[in-house]
>>> print(open('data_4.txt').read())   # compact mmCIF, C-alpha atoms
# COMPACT_ATOMS: atom_id res chain seq x y z
CA MET A 1 47.46 48.98 14.73
CA LEU A 2 47.98 51.41 17.62
CA LYS A 3 46.92 54.56 15.74
CA ASP A 4 43.94 56.14 17.59
CA ALA A 5 43.05 52.78 19.15
CA ALA A 6 43.40 54.05 22.74
CA ALA A 7 42.89 57.33 24.55
CA ILE A 8 43.71 59.16 27.75
CA VAL A 9 40.39 59.80 29.49
CA GLY A 10 41.42 60.90 32.97
CA ILE A 11 44.24 62.93 34.51
CA GLY A 12 45.07 63.68 38.12
CA GLU A 13 47.80 65.30 40.16
CA THR A 14 48.65 66.41 43.66
CA PRO A 15 49.76 69.95 44.47
CA PHE A 16 53.30 70.84 43.35
CA ALA A 17 55.60 72.05 46.11
CA LYS A 18 59.17 72.04 47.34
CA LYS A 19 58.09 69.85 50.22
CA LEU A 20 54.93 67.80 50.75
CA GLU A 21 54.25 65.82 53.91
CA PRO A 22 52.60 62.63 52.54
CA ASP A 23 54.87 59.77 51.52
CA GLU A 24 55.26 58.82 47.86
CA LYS A 25 52.70 55.98 48.06
CA SER A 26 50.05 58.30 49.51
CA LEU A 27 50.80 60.91 46.87
CA ALA A 28 50.57 58.29 44.11
CA LEU A 29 47.22 57.00 45.33
CA SER A 30 45.83 60.54 45.55
CA ALA A 31 46.84 61.30 41.96
CA ILE A 32 45.50 57.98 40.63
CA LEU A 33 42.16 58.37 42.41
CA ALA A 34 41.84 61.89 41.03
CA ALA A 35 42.54 60.62 37.51
CA LEU A 36 39.96 57.84 37.84
CA ASP A 37 37.38 60.28 39.16
CA ASP A 38 38.16 62.60 36.26
CA ALA A 39 37.40 59.72 33.89
CA GLY A 40 34.36 58.48 35.80
CA ILE A 41 35.89 55.02 36.27
CA GLU A 42 35.91 52.98 39.49
CA PRO A 43 39.23 51.68 40.91
CA ALA A 44 37.92 48.10 40.76
CA GLU A 45 37.92 48.33 36.95
CA VAL A 46 41.68 48.97 36.74
CA ASP A 47 43.54 45.97 35.33
CA GLY A 48 46.69 47.58 33.86
CA LEU A 49 49.51 49.52 35.55
CA ALA A 50 52.61 51.25 34.20
CA SER A 51 55.28 53.34 35.90
CA TYR A 52 58.98 54.18 35.95
CA THR A 53 61.77 51.84 37.06
CA LEU A 54 62.87 54.67 39.37
CA GLU A 55 59.44 54.71 41.01
CA ASN A 56 59.51 53.94 44.75
CA THR A 57 55.91 52.70 44.71
CA ASP A 58 55.24 49.30 43.13
CA GLU A 59 52.36 47.54 41.39
CA VAL A 60 51.49 45.33 44.37
CA GLU A 61 51.13 48.16 46.87
CA ILE A 62 49.27 50.40 44.42
CA ALA A 63 46.84 47.64 43.42
CA LYS A 64 46.11 46.60 47.02
CA ASN A 65 45.61 50.12 48.34
CA LEU A 66 43.69 51.30 45.29
CA GLY A 67 41.28 48.36 45.42
CA THR A 68 41.75 47.17 41.85
CA GLY A 69 40.56 43.88 40.45
CA ASP A 70 42.97 41.39 38.89
CA ILE A 71 45.92 43.09 37.21
CA THR A 72 46.58 41.52 33.80
CA PHE A 73 49.25 43.90 32.52
CA PHE A 74 52.02 45.77 34.31
CA SER A 75 55.27 47.33 33.15
CA GLN A 76 58.02 49.70 34.17
CA VAL A 77 60.10 51.90 31.87
CA GLY A 78 63.70 52.85 32.51
CA TRP A 79 65.83 55.95 32.19
CA GLY A 80 63.99 58.41 34.39
CA GLY A 81 63.10 61.42 32.29
CA GLY A 82 62.92 59.28 29.16
CA ALA A 83 60.07 57.13 30.50
CA GLY A 84 56.86 59.19 30.77
CA PRO A 85 55.30 58.88 27.30
CA ALA A 86 56.47 55.25 27.15
CA CYS A 87 54.43 54.38 30.25
CA VAL A 88 51.35 55.71 28.46
CA GLY A 89 52.32 54.18 25.11
CA GLN A 90 52.87 50.73 26.59
CA LEU A 91 49.44 50.90 28.24
CA ALA A 92 47.96 51.94 24.90
CA MET A 93 49.51 48.88 23.24
CA ALA A 94 48.22 46.66 26.04
CA VAL A 95 44.70 48.07 25.67
CA ALA A 96 44.81 47.78 21.87
CA THR A 97 45.87 44.12 22.07
CA GLY A 98 43.43 43.14 24.80
CA GLN A 99 45.97 42.64 27.59
CA CYS A 100 44.02 45.06 29.79
CA ARG A 101 40.96 47.28 29.56
CA VAL A 102 41.64 50.14 31.98
CA GLY A 103 45.25 51.17 32.42
CA VAL A 104 46.78 53.64 34.86
CA ALA A 105 50.20 55.26 34.47
CA TRP A 106 51.68 57.30 37.30
CA ARG A 107 54.78 58.98 38.67
CA SER A 108 55.25 59.88 42.33
CA ARG A 109 58.43 61.57 43.45
CA LYS A 110 59.70 63.64 46.34
CA ARG A 111 62.61 65.25 44.52
CA GLY A 112 62.24 68.56 46.35
CA SER A 113 62.63 67.14 49.84
CA GLY A 114 64.58 63.96 49.03
CA ARG A 115 68.28 63.29 48.61
CA ARG A 116 70.07 63.52 45.27
CA PRO A 117 72.19 60.56 44.12
CA TRP A 118 75.05 62.83 43.04
CA ALA A 119 75.28 64.52 46.46
CA SER A 120 78.00 62.03 47.40
CA THR A 121 81.02 61.27 45.23
CA ALA A 122 81.11 57.81 46.82
CA GLU A 123 77.78 56.91 45.20
CA ASP A 124 77.81 53.79 43.02
CA PHE A 125 77.00 55.10 39.54
CA SER A 126 75.91 53.31 36.38
CA ILE A 127 78.29 52.25 33.62
CA ALA A 128 77.41 55.43 31.73
CA GLY A 129 78.33 57.56 34.74
CA ALA A 130 81.63 55.74 35.12
CA TRP A 131 82.85 57.43 31.94
CA SER A 132 82.11 60.95 33.18
CA ARG A 133 81.59 61.39 36.91
CA PRO A 134 85.05 60.35 38.14
CA TRP A 135 86.39 63.22 36.02
CA GLY A 136 84.21 65.87 37.64
CA LEU A 137 80.92 65.62 35.74
CA LEU A 138 79.06 64.69 38.90
CA ARG A 139 75.57 65.89 38.00
CA PRO A 140 73.38 65.66 34.91
CA VAL A 141 73.67 69.45 34.57
CA ASP A 142 77.46 69.12 34.19
CA GLU A 143 77.05 66.64 31.34
CA ILE A 144 74.41 68.73 29.57
CA ALA A 145 76.60 71.82 30.04
CA MET A 146 79.32 70.11 28.00
CA LEU A 147 76.88 69.30 25.18
CA THR A 148 75.58 72.86 25.32
CA ARG A 149 79.06 74.34 25.02
CA ARG A 150 79.70 72.16 21.98
CA TYR A 151 76.37 73.26 20.49
CA MET A 152 77.24 76.91 21.04
CA HIS A 153 80.61 76.41 19.39
CA GLU A 154 79.22 74.55 16.38
CA VAL A 155 76.12 76.58 15.52
CA GLY A 156 76.68 79.98 17.14
CA ALA A 157 73.98 79.61 19.77
CA THR A 158 74.16 82.05 22.69
CA ARG A 159 72.76 82.41 26.18
CA ASP A 160 70.02 84.55 24.65
CA HIS A 161 68.73 81.44 22.89
CA LEU A 162 68.65 79.53 26.17
CA ALA A 163 66.87 82.51 27.74
CA ASN A 164 64.23 82.31 24.99
CA VAL A 165 63.26 78.88 26.32
CA ALA A 166 63.34 79.86 30.00
CA LEU A 167 61.30 83.02 29.43
CA ALA A 168 58.72 81.29 27.23
CA VAL A 169 57.91 78.61 29.78
CA ARG A 170 58.00 81.06 32.70
CA GLY A 171 55.39 83.15 30.89
CA MET A 172 53.22 80.03 30.56
CA ALA A 173 53.55 79.25 34.28
CA ASN A 174 52.66 82.80 35.27
CA ALA A 175 49.08 82.11 34.13
CA ASN A 176 48.85 78.65 35.73
CA PRO A 177 47.69 78.66 39.38
CA ARG A 178 49.00 75.09 39.83
CA ALA A 179 52.55 76.10 38.86
CA MET A 180 55.30 76.63 41.42
CA MET A 181 56.28 79.76 39.46
CA TYR A 182 52.73 81.12 39.21
CA GLU A 183 52.83 84.93 39.15
CA LYS A 184 56.63 84.84 39.70
CA THR A 185 57.72 86.83 36.68
CA MET A 186 61.20 86.77 35.18
CA SER A 187 62.90 89.24 32.85
CA ARG A 188 65.77 88.65 30.47
CA GLU A 189 67.92 90.68 32.82
CA ASP A 190 66.92 88.38 35.71
CA TYR A 191 68.00 85.42 33.62
CA MET A 192 71.35 86.92 32.64
CA GLU A 193 72.19 87.88 36.23
CA ALA A 194 71.34 84.48 37.75
CA ARG A 195 74.12 82.48 39.40
CA TRP A 196 75.95 79.79 37.51
CA VAL A 197 75.15 76.14 38.17
CA SER A 198 77.48 74.68 35.52
CA GLU A 199 78.66 77.07 32.84
CA PRO A 200 77.16 77.94 30.43
CA LEU A 201 73.99 76.92 32.33
CA CYS A 202 72.66 79.21 35.03
CA LEU A 203 70.01 78.71 37.70
CA PHE A 204 67.13 79.35 35.30
CA ASP A 205 68.42 76.78 32.79
CA ASN A 206 67.68 74.07 35.36
CA CYS A 207 64.38 72.44 36.24
CA LEU A 208 62.66 72.90 39.56
CA GLU A 209 63.04 70.50 42.49
CA SER A 210 59.53 69.32 43.29
CA ASP A 211 57.46 66.93 45.38
CA ALA A 212 54.33 65.69 43.58
CA ALA A 213 52.51 62.79 41.95
CA LEU A 214 50.63 62.63 38.67
CA ALA A 215 48.58 59.96 36.89
CA CYS A 216 46.50 59.32 33.81
CA VAL A 217 43.95 56.69 32.73
CA VAL A 218 44.07 54.89 29.37
CA VAL A 219 41.18 52.97 27.78
CA SER A 220 40.16 51.94 24.28
CA ALA A 221 38.88 54.61 21.90
CA GLU A 222 35.51 52.85 21.92
CA ARG A 223 35.27 52.91 25.74
CA ALA A 224 36.45 56.53 25.75
CA ARG A 225 33.19 57.70 24.17
CA ASP A 226 31.36 56.80 27.40
CA CYS A 227 33.78 58.45 29.81
CA ARG A 228 33.24 61.68 31.71
CA GLN A 229 35.80 63.76 29.80
CA PRO A 230 36.55 64.28 26.10
CA PRO A 231 39.26 61.79 25.10
CA ALA A 232 42.77 62.64 24.01
CA LEU A 233 43.41 59.97 21.41
CA ILE A 234 46.87 58.38 21.39
CA HIS A 235 47.58 58.78 17.70
CA SER A 236 51.21 57.67 17.68
CA PHE A 237 53.78 56.39 20.16
CA ALA A 238 57.49 55.63 19.90
CA GLN A 239 60.60 54.92 21.92
CA GLY A 240 64.09 55.66 20.67
CA LEU A 241 67.71 54.82 21.37
CA GLY A 242 70.06 55.76 18.55
CA ARG A 243 72.95 53.64 17.33
CA GLN A 244 75.91 53.78 19.72
CA SER A 245 74.09 56.18 22.06
CA HIS A 246 75.66 56.84 25.45
CA ALA A 247 73.53 58.41 28.17
CA MET A 248 73.69 62.21 28.34
CA LEU A 249 77.03 62.80 26.59
CA ASN A 250 76.75 60.43 23.60
CA TYR A 251 80.52 60.11 23.33
CA TRP A 252 80.43 57.27 20.80
CA CYS A 253 77.86 58.71 18.42
CA GLU A 254 79.03 60.02 15.08
CA ASP A 255 77.29 63.27 16.04
CA PRO A 256 76.79 63.68 19.82
CA LEU A 257 74.20 66.40 19.17
CA THR A 258 71.84 64.07 17.34
CA GLY A 259 70.65 62.18 20.39
CA PRO A 260 67.93 59.57 20.99
CA ALA A 261 65.16 62.00 19.97
CA TRP A 262 66.15 61.54 16.35
CA ALA A 263 65.62 57.76 16.47
CA CYS A 264 62.39 58.21 18.43
CA ALA A 265 61.05 60.79 15.98
CA ARG A 266 61.63 58.59 12.94
CA GLN A 267 59.52 55.85 14.50
CA LEU A 268 56.91 58.28 15.83
CA TYR A 269 56.19 59.86 12.45
CA ARG A 270 56.42 56.53 10.62
CA GLY A 271 53.22 55.48 12.39
CA SER A 272 51.50 58.86 12.21
CA ASP A 273 49.23 60.78 9.85
CA ILE A 274 50.37 63.92 11.70
CA GLN A 275 53.77 65.35 10.80
CA PRO A 276 55.80 68.19 12.41
CA SER A 277 54.27 70.86 10.16
CA ASP A 278 50.79 69.80 11.38
CA ILE A 279 51.56 70.13 15.10
CA PRO A 280 50.40 73.46 16.65
CA VAL A 281 51.59 72.93 20.24
CA ALA A 282 54.23 70.78 21.93
CA GLN A 283 55.13 69.71 25.45
CA ILE A 284 58.91 69.23 25.18
CA TYR A 285 60.90 67.77 28.05
CA ASP A 286 62.78 70.62 29.71
CA ALA A 287 64.93 69.44 32.59
CA PHE A 288 67.44 71.88 31.05
CA THR A 289 66.78 74.66 28.52
CA PRO A 290 69.17 73.34 25.81
CA LEU A 291 67.25 70.04 25.68
CA VAL A 292 64.37 71.97 24.13
CA LEU A 293 66.61 73.31 21.35
CA PHE A 294 67.99 69.80 20.70
CA SER A 295 64.46 68.35 20.63
CA LEU A 296 63.16 70.98 18.22
CA GLU A 297 65.73 69.63 15.79
CA GLY A 298 65.28 65.94 16.64
CA TYR A 299 61.50 66.04 16.23
CA GLY A 300 61.69 67.77 12.87
CA PHE A 301 60.54 71.33 13.55
CA CYS A 302 63.81 72.61 12.09
CA GLY A 303 67.09 71.27 10.74
CA ARG A 304 70.22 70.14 12.59
CA GLY A 305 71.79 73.20 14.23
CA GLU A 306 68.71 75.40 13.67
CA GLY A 307 67.00 75.00 17.04
CA ALA A 308 68.57 78.15 18.49
CA ALA A 309 67.39 80.33 15.61
CA PHE A 310 63.96 78.67 15.73
CA SER A 311 63.49 79.97 19.29
CA GLU A 312 63.83 83.63 18.26
CA ASP A 313 61.06 86.24 17.91
CA GLY A 314 58.76 84.64 20.50
CA ALA A 315 58.40 81.41 18.52
CA LEU A 316 57.94 79.30 21.66
CA GLU A 317 55.45 81.61 23.36
CA LEU A 318 51.66 81.63 23.08
CA GLY A 319 50.91 83.03 19.63
CA GLY A 320 54.31 81.94 18.29
CA ARG A 321 55.01 79.35 15.62
CA LEU A 322 55.21 76.51 18.20
CA PRO A 323 54.05 77.28 21.75
CA ILE A 324 55.72 74.84 24.16
CA ASN A 325 55.13 73.62 27.72
CA THR A 326 51.97 75.60 28.13
CA SER A 327 51.62 74.82 31.85
CA GLY A 328 55.21 75.90 32.58
CA GLY A 329 56.93 72.53 32.15
CA GLY A 330 59.73 71.25 34.31
CA LEU A 331 61.41 74.64 34.39
CA SER A 332 58.50 76.61 35.83
CA GLU A 333 55.49 74.40 36.73
CA ALA A 334 57.13 71.43 38.48
CA TYR A 335 59.66 68.73 37.73
CA VAL A 336 58.27 65.23 38.15
CA HIS A 337 60.30 63.47 35.46
CA GLY A 338 58.15 65.08 32.77
CA PHE A 339 54.79 63.52 33.63
CA ASN A 340 53.16 66.95 33.93
CA LEU A 341 53.82 67.40 30.20
CA ILE A 342 51.51 64.44 29.50
CA ASN A 343 48.68 65.88 31.58
CA GLU A 344 49.10 69.30 29.96
CA GLY A 345 48.95 67.71 26.52
CA VAL A 346 45.60 66.21 27.51
CA ARG A 347 44.36 69.61 28.74
CA GLN A 348 45.30 71.14 25.39
CA MET A 349 43.24 68.50 23.59
CA ARG A 350 40.31 69.20 25.92
CA GLY A 351 40.60 72.96 25.44
CA GLU A 352 41.22 73.44 29.18
CA SER A 353 44.77 74.78 29.39
CA THR A 354 45.48 78.06 31.16
CA ARG A 355 47.49 78.89 28.02
CA GLN A 356 45.19 77.26 25.49
CA VAL A 357 46.35 77.19 21.86
CA ALA A 358 43.31 78.06 19.78
CA ASP A 359 41.91 75.23 17.66
CA ALA A 360 44.75 72.85 18.59
CA GLU A 361 43.86 69.47 17.08
CA SER A 362 47.09 67.68 18.02
CA CYS A 363 49.94 67.92 20.51
CA LEU A 364 53.43 66.40 20.68
CA VAL A 365 54.61 65.21 24.11
CA THR A 366 58.27 64.23 24.48
CA ALA A 367 60.47 62.69 27.14
CA GLY A 368 64.09 63.57 27.87
CA GLU A 369 66.61 64.08 25.10
CA GLY A 370 70.02 62.65 25.97
CA VAL A 371 68.72 59.36 27.40
CA PRO A 372 66.74 56.46 25.87
CA THR A 373 63.53 58.33 25.24
CA SER A 374 59.90 58.24 24.16
CA ALA A 375 57.17 60.44 22.69
CA LEU A 376 53.45 60.62 21.99
CA ILE A 377 51.29 62.45 19.51
CA LEU A 378 47.88 63.16 21.02
CA ARG A 379 44.90 64.32 18.99
CA ARG A 380 41.31 65.27 19.57
>>> encode(input="data_4.txt", output="structure tokens")
Amino acid sequence: MLKDAAAIVGIGETPFAKKLEPDEKSLALSAILAALDDAGIEPAEVDGLASYTLENTDEVEIAKNLGTGDITFFSQVGWGGGAGPACVGQLAMAVATGQCRVGVAWRSRKRGSGRRPWASTAEDFSIAGAWSRPWGLLRPVDEIAMLTRRYMHEVGATRDHLANVALAVRGMANANPRAMMYEKTMSREDYMEARWVSEPLCLFDNCLESDAALACVVVSAERARDCRQPPALIHSFAQGLGRQSHAMLNYWCEDPLTGPAWACARQLYRGSDIQPSDIPVAQIYDAFTPLVLFSLEGYGFCGRGEGAAFSEDGALELGGRLPINTSGGGLSEAYVHGFNLINEGVRQMRGESTRQVADAESCLVTAGEGVPTSALILRR
């Protein structure tokens, strides 16, 4: 059984910036070497690799340049922002079943200085995009804006509820020297006066554009006892794609606002001794502020349609009922397809976060809501 059989024992990352000079392979190798050093494990011991299908670096180049031994397990996970926890979870399964002994998951991306696929209307989009982008929904933000407008109409959510998310994570980043928004404060008035990107979503409802690479190291729970850092045990892992899901907009679902997170959560908690009421801190994928409200509902912290109200009264801030994205997340630390949420979850379990939740014994880490997704529950 996977429960607590594997652990994250090393994390590493490059600086976060709008533009970094090294190429994506160099950035990836820097992050992986930092994670291995953090764990006290030599590169030659690595025999498992996992990354995203959208990753521009591949297993062969990473293994050769890192100086690994034989690689006996490798995988890639699709759907961009939905992939991060699944990369770690698949390594955990490989370790637990003996397919590898030391696994490395990574994400390297130059989103800040690279081109965007929706910059050209002539771009060849996926089947999912064919149902939306020819009619003007060219960017992910346009699709999420439509879901957000429906959510506002159905449950009475307002821009103040979206601001609750943006302000909570900005406050976390303001204490994190690694964050792109470190010491860059934001008021509710700043949020309300920001320019539109796709109504009802403004500039501060959108994630940052970042260059960076991040990595983590996964070994067995037994091996973890001998590593340099306290382990973050991988207590539960799940992936989810709900019945009749359709990327981003979920046109064919009975309820478009119950996205893949709901299917993922059912599986996650089925294999877990830790339930939503036991979780004191969460790293919730935040490419856009409304995704946090949707995920609060999907992962069982409140009922359907109650995510907006849940965010009130500082609930998502340090000291609130569920502090989220304690390093600043994709909105205010950096956006690297959510991998920084994994590393911050590990820091919470080590007691090393710049916004540490006192006595936190477990942490939920989620990938993107709206696409085939994944999640982890970490524990000390």
>>> axis_aligned_box(input="data_4.txt", around="stretch 321-329 of chain A", padding_each_side="4 Å", output="JSON")
{"center_x": 54.3, "center_y": 75.9, "center_z": 24.1, "size_x": 13.3, "size_y": 14.8, "size_z": 25.0}
>>> residues_around(input="data_4.txt", residues="A:Gln90", least_positions_apart="3", cutoff="12 Å", atoms="only C-alpha atoms", output="PyMOL selection string")
chain A and resi 2+6+48-52+73-77+83-87+93-97+99-100+103-105+218-219+234+236-239+374-376
>>> closest_atom_pairs(input="data_4.txt", of="stretch 208-265 of chain A", to="stretch 178-181 of chain A", cutoff="12 Å", atoms="all atoms listed in the file", output="CSV")
residue,atom,partner,partner_atom,distance
A:Leu208,CA,A:Met180,CA,8.5
A:Glu209,CA,A:Met180,CA,9.9
A:Ser210,CA,A:Met180,CA,8.7
A:Asp211,CA,A:Met180,CA,10.7
A:Ala212,CA,A:Met180,CA,11.2
>>> closest_residue(input="data_4.txt", among="A:Asp23, A:Asp38, A:Glu154, A:Asp4", to="A:Ser220", atoms="all atoms listed in the file")
A:Asp4
>>> closest_atom_pairs(input="data_4.txt", of="stretch 111-197 of chain A", to="stretch 336-344 of chain A", cutoff="12 Å", atoms="all atoms listed in the file", output="JSON lines")
{"residue": "A:Arg111", "atom": "CA", "partner": "A:Val336", "partner_atom": "CA", "distance": 7.7}
{"residue": "A:Gly112", "atom": "CA", "partner": "A:Val336", "partner_atom": "CA", "distance": 9.7}
{"residue": "A:Val169", "atom": "CA", "partner": "A:Leu341", "partner_atom": "CA", "distance": 11.9}
{"residue": "A:Met172", "atom": "CA", "partner": "A:Glu344", "partner_atom": "CA", "distance": 11.5}
{"residue": "A:Ala173", "atom": "CA", "partner": "A:Glu344", "partner_atom": "CA", "distance": 11.7}
{"residue": "A:Asn176", "atom": "CA", "partner": "A:Glu344", "partner_atom": "CA", "distance": 11.0}
{"residue": "A:Arg178", "atom": "CA", "partner": "A:Asn340", "partner_atom": "CA", "distance": 10.9}
{"residue": "A:Ala179", "atom": "CA", "partner": "A:Asn340", "partner_atom": "CA", "distance": 10.4}
>>> closest_residue(input="data_4.txt", among="A:Gly81, A:Pro280, A:Gly368, A:Pro230", to="A:Leu316", atoms="all atoms listed in the file")
A:Pro280
>>> atom_distance(input="data_4.txt", atom1="atom CA of A:Leu54", atom2="atom CA of A:Ala213")
13.4 Å
>>> residues_around(input="data_4.txt", residues="A:Leu201", least_positions_apart="4", cutoff="12 Å", atoms="only C-alpha atoms", output="ChimeraX atom specification")
/A:140-149,152,158-163,166,191-197,205-207,287-291
>>> atom_distance(input="data_4.txt", atom1="atom CA of A:Gly136", atom2="atom CA of A:Leu249")
13.5 Å
>>> atom_distance(input="data_4.txt", atom1="atom CA of A:Pro372", atom2="atom CA of A:Ala247")
7.4 Å
>>> residues_near_point(input="data_4.txt", point="(44.7, 56.7, 42.2)", cutoff="9 Å", atoms="all atoms listed in the file", output="list in words")
Gly12, Leu27, Ala28, Leu29, Ser30, Ala31, Ile32, Leu33, Ala34, Ala35, Leu36, Asp37, Pro43, Ile62, Leu66, Val104, Trp106, Ala215 and Cys216 of chain A
>>> closest_residue(input="data_4.txt", among="A:Val365, A:Ala265, A:Leu214, A:Ala309", to="A:Tyr285", atoms="only C-alpha atoms")
A:Val365
>>> closest_residue(input="data_4.txt", among="A:Ile324, A:Val102, A:Met1, A:Ile8", to="A:Met349", atoms="all atoms listed in the file")
A:Ile8
